[in-house]
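Heads up, the thing below is written out as structure tokens.
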Amino acid sequence: MNYLAHLYLADDSPGSLTGSLLGDFVKGNLDNAYDEEITRGILIYRRIDSFSDSHEKVLESKRLISPKRRRFSGIIIDVSFDHSLARDWSEYSNEHLPDFTKKVYMLLCKYSHILPYKLRSIIPKMIEEDWLGSYQYIEGIGQIMDRISRRLKRGEEMLGAVKELETNYEKMEENFKSFFPELIAYVEGIRRDYA
């Protein structure tokens, strides 16, 4: 899962939302680096990724990716599934997507002093270009994938990866609709573990 899904799956609290973004930027032992709520958000993030990476519908989606870009299939599927979530947001949330993203952006600004530099440095561009809201549009997904490609070793092979989503759109959408309710149920279960 990419940013939007992790944020959606977080508890509606500042610490949980912050932790759900930090998971992509903080590796290894947390050593009391963050308060309990943020730490819980990071740990849940890690369990979400583990569950997702081994789920049959995610693996099936990765197999749809062309050999040219298969080494980036995890990233492509994460971003593609965020597109499915954003596009059908009202099926999963009573909160409007623009309201949700505005709340997240305000939170990132408020807590920027505790964020790792790598995350803190992209916040202004994330807000200006409304990265989270742009997931609902194919053009936005294309820009996101191309932006990611610039940060990767041999990333030029990932340029234009939105074609993978366009080519396999119906099957990826079907896989997402099967997978995501299971992920929601899984997260509800692990939240009880951390209560």
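Residue numbering restarts at 1 for every chain of the structure tokens, chains are lettered A, B, ... in their displayed order, and ligands are numbered from 1 as they appear.
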
Inset, instruction - Just the residues within 12 Å of Arg120 (chain A), please, counting only C-alpha atoms, with nothing from its chain fewer than 4 positions along; format it as a PyMOL selection string. - result: chain A and resi 18+21-22+25+105+107-116+124-127

Export of prior selection with C-alpha atoms as a compact mmCIF listing (two decimals), in the first residue's frame:
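As a result, out_25.txt now contains:
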# COMPACT_ATOMS: atom_id res chain seq x y z
CA THR A 18 1.74 10.56 11.48
CA LEU A 21 3.37 8.02 6.99
CA LEU A 22 6.60 7.57 8.93
CA PHE A 25 10.82 6.60 6.16
CA TYR A 105 -1.52 18.15 5.08
CA LEU A 107 -1.03 17.54 10.38
CA LEU A 108 2.20 17.15 8.40
CA CYS A 109 2.89 20.86 8.74
CA LYS A 110 2.13 20.81 12.45
CA TYR A 111 4.41 17.83 13.15
CA SER A 112 7.10 18.56 10.57
CA HIS A 113 9.66 19.18 13.33
CA ILE A 114 9.62 15.48 14.31
CA LEU A 115 9.65 14.08 10.78
CA PRO A 116 12.78 12.69 9.14
CA PRO A 124 5.66 21.50 0.54
CA LYS A 125 5.56 19.84 -2.89
CA MET A 126 3.13 17.18 -1.64
CA ILE A 127 0.72 19.89 -0.52

Inset, instruction - Would you list, as a ChimeraX atom specification, the residues of chain A that end up in alpha helix (DSSP H) under DSSP run on this structure's backbone? - result: /A:3-9,14-22,36-54,56-63,73-87,89-92,97-110,117-128,131-134,138-149,162-167,169-193

Inset, instruction - Would you please work out which residue, of A:His96, A:Arg40, A:His6, A:Arg87, is nearest to Ser52 (chain A) when using only C-alpha atoms? - result: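 Among A:His96, A:Arg40, A:His6, A:Arg87, it is A:His6 that comes nearest to Ser52 (chain A).
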
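Each of A:Glu182, A:Glu156, A:Glu173, A:Asp82 was checked against Gly133 (chain A) using only C-alpha atoms; the smallest atom-to-atom distance is that of A:Asp82.
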
Inset, instruction - Show which residues sit within 12 Å of Pro181 (chain A), as a list in words. Count only C-alpha atoms, and ignore same-chain residues fewer than 2 positions away. - result: Ala5, Leu9, Ser52, Lys57, Leu85, Glu91, Tyr92, Asn175, Phe176, Lys177, Ser178, Phe179, Leu183, Ile184, Ala185, Tyr186, Val187 and Glu188 of chain A

Just write the chosen residues, C-alpha atoms, as a compact mmCIF listing (two decimals), in the first residue's frame.
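That gives us part_23.txt:
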# COMPACT_ATOMS: atom_id res chain seq x y z
CA ALA A 5 -4.14 3.59 1.94
CA LEU A 9 -6.19 2.62 7.60
CA SER A 52 -0.21 -6.93 1.74
CA LYS A 57 -4.49 -10.72 -4.90
CA LEU A 85 -9.06 3.69 -3.14
CA GLU A 91 -17.38 3.61 -0.79
CA TYR A 92 -14.89 3.40 2.08
CA ASN A 175 -8.06 -7.61 -7.30
CA PHE A 176 -8.21 -4.44 -5.21
CA LYS A 177 -11.93 -4.85 -4.49
CA SER A 178 -11.27 -8.40 -3.32
CA PHE A 179 -8.15 -7.57 -1.31
CA LEU A 183 -6.96 -5.71 4.66
CA ILE A 184 -9.45 -3.51 6.52
CA ALA A 185 -10.56 -6.50 8.60
CA TYR A 186 -6.93 -7.44 9.27
CA VAL A 187 -6.11 -3.92 10.49
CA GLU A 188 -9.15 -3.87 12.76

Legend entry - Near-Leu132 (chain A) list (10 Å; only C-alpha atoms; drop same-chain fewer than 5 positions) as a VMD selection string: chain A and resid 2 to 5 7 82 to 83 86 97 to 98 100 to 102 104 to 105 126 to 127 140 144

Using N, CA and C atoms, can you export the residues from the last selection as a PDB file, in the first residue's frame?
ATOM      1  N   ASN A   2       0.364   2.277  -0.589  1.00  0.00           N
ATOM      2  CA  ASN A   2       1.107   3.526  -0.638  1.00  0.00           C
ATOM      3  C   ASN A   2       0.517   4.512   0.375  1.00  0.00           C
ATOM      4  N   TYR A   3       0.900   5.770   0.306  1.00  0.00           N
ATOM      5  CA  TYR A   3       0.544   6.756   1.327  1.00  0.00           C
ATOM      6  C   TYR A   3      -0.950   6.791   1.657  1.00  0.00           C
ATOM      7  N   LEU A   4      -1.791   6.884   0.640  1.00  0.00           N
ATOM      8  CA  LEU A   4      -3.216   7.112   0.900  1.00  0.00           C
ATOM      9  C   LEU A   4      -3.839   5.955   1.665  1.00  0.00           C
ATOM     10  N   ALA A   5      -3.559   4.747   1.256  1.00  0.00           N
ATOM     11  CA  ALA A   5      -4.144   3.589   1.942  1.00  0.00           C
ATOM     12  C   ALA A   5      -3.662   3.507   3.383  1.00  0.00           C
ATOM     13  N   LEU A   7      -2.739   5.948   5.286  1.00  0.00           N
ATOM     14  CA  LEU A   7      -3.421   7.018   6.035  1.00  0.00           C
ATOM     15  C   LEU A   7      -4.870   6.656   6.298  1.00  0.00           C
ATOM     16  N   ASP A  82      -3.732   2.534  -4.506  1.00  0.00           N
ATOM     17  CA  ASP A  82      -4.122   3.836  -3.950  1.00  0.00           C
ATOM     18  C   ASP A  82      -5.053   4.570  -4.917  1.00  0.00           C
ATOM     19  N   HIS A  83      -4.831   4.389  -6.210  1.00  0.00           N
ATOM     20  CA  HIS A  83      -5.736   4.979  -7.205  1.00  0.00           C
ATOM     21  C   HIS A  83      -7.147   4.416  -7.036  1.00  0.00           C
ATOM     22  N   ALA A  86      -8.700   5.955  -3.948  1.00  0.00           N
ATOM     23  CA  ALA A  86      -9.049   7.368  -4.141  1.00  0.00           C
ATOM     24  C   ALA A  86     -10.248   7.515  -5.068  1.00  0.00           C
ATOM     25  N   LEU A  97     -12.831  13.087   0.331  1.00  0.00           N
ATOM     26  CA  LEU A  97     -11.391  12.971   0.111  1.00  0.00           C
ATOM     27  C   LEU A  97     -10.666  14.317   0.254  1.00  0.00           C
ATOM     28  N   PRO A  98     -11.182  15.425  -0.319  1.00  0.00           N
ATOM     29  CA  PRO A  98     -10.475  16.704  -0.125  1.00  0.00           C
ATOM     30  C   PRO A  98     -10.383  17.122   1.349  1.00  0.00           C
ATOM     31  N   PHE A 100     -10.256  15.018   3.896  1.00  0.00           N
ATOM     32  CA  PHE A 100      -9.280  14.110   4.499  1.00  0.00           C
ATOM     33  C   PHE A 100      -7.854  14.550   4.162  1.00  0.00           C
ATOM     34  N   THR A 101      -7.605  14.847   2.890  1.00  0.00           N
ATOM     35  CA  THR A 101      -6.251  15.224   2.500  1.00  0.00           C
ATOM     36  C   THR A 101      -5.846  16.551   3.138  1.00  0.00           C
ATOM     37  N   LYS A 102      -6.775  17.477   3.244  1.00  0.00           N
ATOM     38  CA  LYS A 102      -6.472  18.763   3.891  1.00  0.00           C
ATOM     39  C   LYS A 102      -6.063  18.538   5.347  1.00  0.00           C
ATOM     40  N   VAL A 104      -4.712  15.834   6.614  1.00  0.00           N
ATOM     41  CA  VAL A 104      -3.388  15.214   6.622  1.00  0.00           C
ATOM     42  C   VAL A 104      -2.309  16.257   6.359  1.00  0.00           C
ATOM     43  N   TYR A 105      -2.527  17.127   5.388  1.00  0.00           N
ATOM     44  CA  TYR A 105      -1.522  18.148   5.081  1.00  0.00           C
ATOM     45  C   TYR A 105      -1.305  19.083   6.269  1.00  0.00           C
ATOM     46  N   MET A 126       4.276  18.071  -1.815  1.00  0.00           N
ATOM     47  CA  MET A 126       3.129  17.179  -1.644  1.00  0.00           C
ATOM     48  C   MET A 126       1.839  17.994  -1.511  1.00  0.00           C
ATOM     49  N   ILE A 127       1.900  19.055  -0.731  1.00  0.00           N
ATOM     50  CA  ILE A 127       0.722  19.895  -0.521  1.00  0.00           C
ATOM     51  C   ILE A 127       0.406  20.703  -1.776  1.00  0.00           C
ATOM     52  N   GLY A 140      -2.638  11.766 -12.567  1.00  0.00           N
ATOM     53  CA  GLY A 140      -1.952  11.920 -11.285  1.00  0.00           C
ATOM     54  C   GLY A 140      -1.104  10.706 -10.962  1.00  0.00           C
ATOM     55  N   ILE A 144       2.928  10.534 -10.372  1.00  0.00           N
ATOM     56  CA  ILE A 144       3.473   9.945  -9.141  1.00  0.00           C
ATOM     57  C   ILE A 144       4.484   8.849  -9.474  1.00  0.00           C
TER      58      ILE A 144
END
